[in-house]
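Structure first, commentary second.
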Amino acid sequence: MRKDVIYVDNNATTRVADEVLQEMLPFLTDYYGNASSMHTFGGQVRTYIDAARQHLAALLGAAPGEVIFTSCGTESDNAAIMSAIDNLPARRKIVTSKVEHPAVLGMCKTLQQKGYHVEYVPVNAKGKLCFDALEKMVDDETAIVSVMWANNETGNIYPVAKLAEIAHQHGALFHTDAVQAVGKVPIDLAKTRIDFLSLSGHKLHAPKGIGALYVRHGTPFSQFLIGGHQEFGLRAGTENVAGIVALGKAAELAGAHLDEENTRVAAMRDYLEKGLLSTCPNARVNGNPEGRLPNTTNISFEFIEGESILLLLNQHDIAASSGSACTSGSLEPSHVLRAMGVPYTAAHGSIRFSLSRYNRMDEMDTIIAKLPPIIRRLREISPYGRTSG
Ligand code: PLP
């Protein structure tokens with residue numbers, strides 16, 4: 001196990017907080033009972049599930065009865081959209097954005113193949129949502145509007161409270177994928193008309209395999225997983241007690257660290273970004289610096305491949321991520337950067353740095369020292385780079 005890695009890929013996943021691990025361990029060893037059992041040994045774990053639900057609800061500004069535990073962000077996204085179309089059968093339209101995570105886009109594509117009409121709201125060069133387009137798309141045919149709270153690649157934050165109002169003006173439901181937002185920005189659902197919110201434990205220092213879906217009181221909901229009566233009869237499957245307890249603790253810690261996320265973490269991100277932009281020519285930030293997550297920066301190093309940069313960073317034990325995805329053997333720029341119209345030569349060389357409260361300033365100095373020579377070296381061997389510095 002490598003301990004010395006500089007980990008700046010926290011939008012991919014986060015390390016489990018020590019406090020979270022301690023809290024969940026007894027539920028994998030001593031308290032392994034089934035919460036639905038009649039006997040005390042099993043039934044006693046119910047109290048811990050209830051406490052975790054309260055902690056998570058507090059972080060979201062929700063009532064505990066509005067929080068359903070799921071297995072991950074993807075399940076929550078899928079469940080919200082499926083539930084909306086199930087409950088509003090006369091409405092055959094879904095409105096979403098071009099920059100959603102595949103958990104939403106994939107579900108929309110599947111529904112399109114089944115005959116639903118899906119409209120994708122475009123974004124501008126900074127990744128900001130084209131509001132006028134969205135207002136024209138949402139109508140009385142729309143069952144659900146689904147727009148993410150924050151983008152996983154650029155960190156861009158979307159005005160979801162306002163979008164929920166627009167959806168409701170047309171009798172549609174509103175879902176937000178807040179997988180990247182929870183724990184990084186303040187959330188107070190009681191002050192909004194958001195119907196559904198998805199989140200995932202492994203993005204906020206809980207383990208993988210636990211997520212949650214917020215369903216507003218009064219919003220119609222049909223269960224996605226059908227079987228037993230767990231989770232108020234809304235999500236079947238024996239409760240992942242250790243995961244639920246972990247998410248509850250992670251939510252409690254996230255609330256306590258929210259200020260730090262927006263001060264110390266944001267300052268480290270800004271320092272890193274400034275350091276790289278001032279030492280690497282032909283580098284540009286993708287996204288909207290005026291409205292993005294405190295931990296994320298997405299930088300394009302023009303005329304070189306992001307994958308090559310990552311491999312060389314990896315040799316220095318620096319773990320970041322690229323904005324490109326490998327599709328059928330060819331390296332395609334990400335759908336997010338393409339939707340923003342980022343030029344091909346820049347989209348290919350994009351790197352996402354996503355920090356957490358476990359990062360330190362000296363790690364940023366190391367990245368600022370190691371990366372510019374990598375960029376220079378790659379440009380020297382790139383057919384485009386030699387002419388462009
Ligand atoms: N939505 C967003 C914005 C994400 O970043 C992710 C994970 O990367 C997901 C959904 C999927 O979450 P999970 O990995 O818990 O299924």
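Starting from 1 in every chain, residues are counted up; chains themselves are A, B, ... following the order of the structure tokens, and ligands are numbered from 1 as listed.
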
Self-check item: Site check for ligand 1: residues at most 9 Å away, only C-alpha atoms and all ligand atoms, as a ChimeraX atom specification
Solution: /A:11-13,71-77,100-104,148-153,177-181,198-203,208-211

Quiz prompt | All residues 10 Å or closer to A:Lys184, only C-alpha atoms, same chain fewer than 2 positions away omitted, as a list in words | solution = Ala150, Gln180, Ala181, Val182, Pro186, Ile187, Lys203, Leu204, Ala254, Gly255, His257, Leu258, Asp259, Glu260, Glu261, Asn262, Val265, Leu293, Pro294, Asn295 and Ser356 of chain A

Self-check item: Polymer residues at most 10 Å from stretch 229-243 of chain A, only C-alpha atoms, same-chain spacing of 5 or more positions, as an MDAnalysis selection string
Solution: chainID A and resid 20:21 23:29 31:36 45:46 48:49 52 65:71 79 201:202 206:211 213 221:224 248:249

Quiz prompt | Å distance separating atom CA of A:Phe353 from atom CA of A:Glu273, one decimal place | solution =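 For atom CA of A:Phe353 relative to atom CA of A:Glu273, the distance reads 9.1 Å.
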
Self-check item: DSSP alpha helix (DSSP H) selection over stretch 75-283 of chain A, as a ChimeraX atom specification
Solution: /A:75-87,102-113,131-137,160-169,230-233,241-260,266-279

Practice problem: For each of A:Met340, A:His316, A:Leu59, A:Pro289, take the minimum atom-to-atom distance to A:Ala256, counting only C-alpha atoms, then give the residue where this is smallest. | Solution: A:Leu59

Quiz prompt | For A:His175, the nearest of the candidates A:Asn10, A:Thr263, A:Ser83, A:Thr110, counting only C-alpha atoms | solution =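 Under the stated criterion, the closest residue is A:Ser83.
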
Self-check item: Counting only C-alpha atoms, the option among A:Leu134, A:Gly183, A:Arg284, A:Arg377 closest to A:Leu253
Solution: A:Gly183

Quiz prompt | From A:Leu312, A:Gly218, A:Ile166, A:Tyr358, residue lying nearest A:Asp18 [only C-alpha atoms] | solution =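 Distance minimum relative to A:Asp18 lands on A:Tyr358.
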
Quiz item: Could you write out, as a PyMOL selection string, all the residues of stretch 32-104 of chain A that DSSP marks as strand (DSSP E or B)?
Solution: chain A and resi 67-70+93-97

Exercise. Have a look at atom CA of A:Leu277 and atom CA of A:Phe303 and let me know their distance in Å, one decimal.
Key: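 Atom-to-atom, atom CA of A:Leu277 to atom CA of A:Phe303, that is 15.2 Å.
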
Quiz prompt | A:Ala161 surroundings by only C-alpha atoms, 7 Å radius, close-in-sequence under 5 positions cut, as a list in words | solution =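 In the requested form, the answer reads Thr192, Arg193 and Ile194 of chain A.
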
Practice problem: Skip A:Leu111 itself and residues of its chain fewer than 2 positions away, then list as a list in words all residues within 12 Å of it, counting only C-alpha atoms. | Solution: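 Near A:Leu111, the qualifying residues are Asn78, Ile81, Met82, Ile85, Asp86, Arg92, Lys93, Ile94, Val95, Val104, Leu105, Gly106, Met107, Cys108, Lys109, Gln113, Lys114, Gly115, Tyr116, His117, Val118 and Glu119 of chain A.
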
Practice problem: Do a neighbour search on A:Leu378 at 12 Å with only C-alpha atoms, toss out local chain neighbours closer than 2 positions, and write the hits as a list of chain:residue names. | Solution: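 Surrounding residues, per the criterion: A:Phe301, A:Glu302, A:Phe303, A:Ile304, A:Glu305, A:Gly306, A:Glu307, A:Ser308, A:Ile309, A:Leu310, A:Leu311, A:Leu312, A:Leu313, A:Gly349, A:Leu371, A:Pro372, A:Pro373, A:Ile374, A:Ile375, A:Arg376, A:Glu380, A:Ile381, A:Ser382, A:Pro383, A:Tyr384, A:Gly385, A:Arg386, A:Ser388, A:Gly389.
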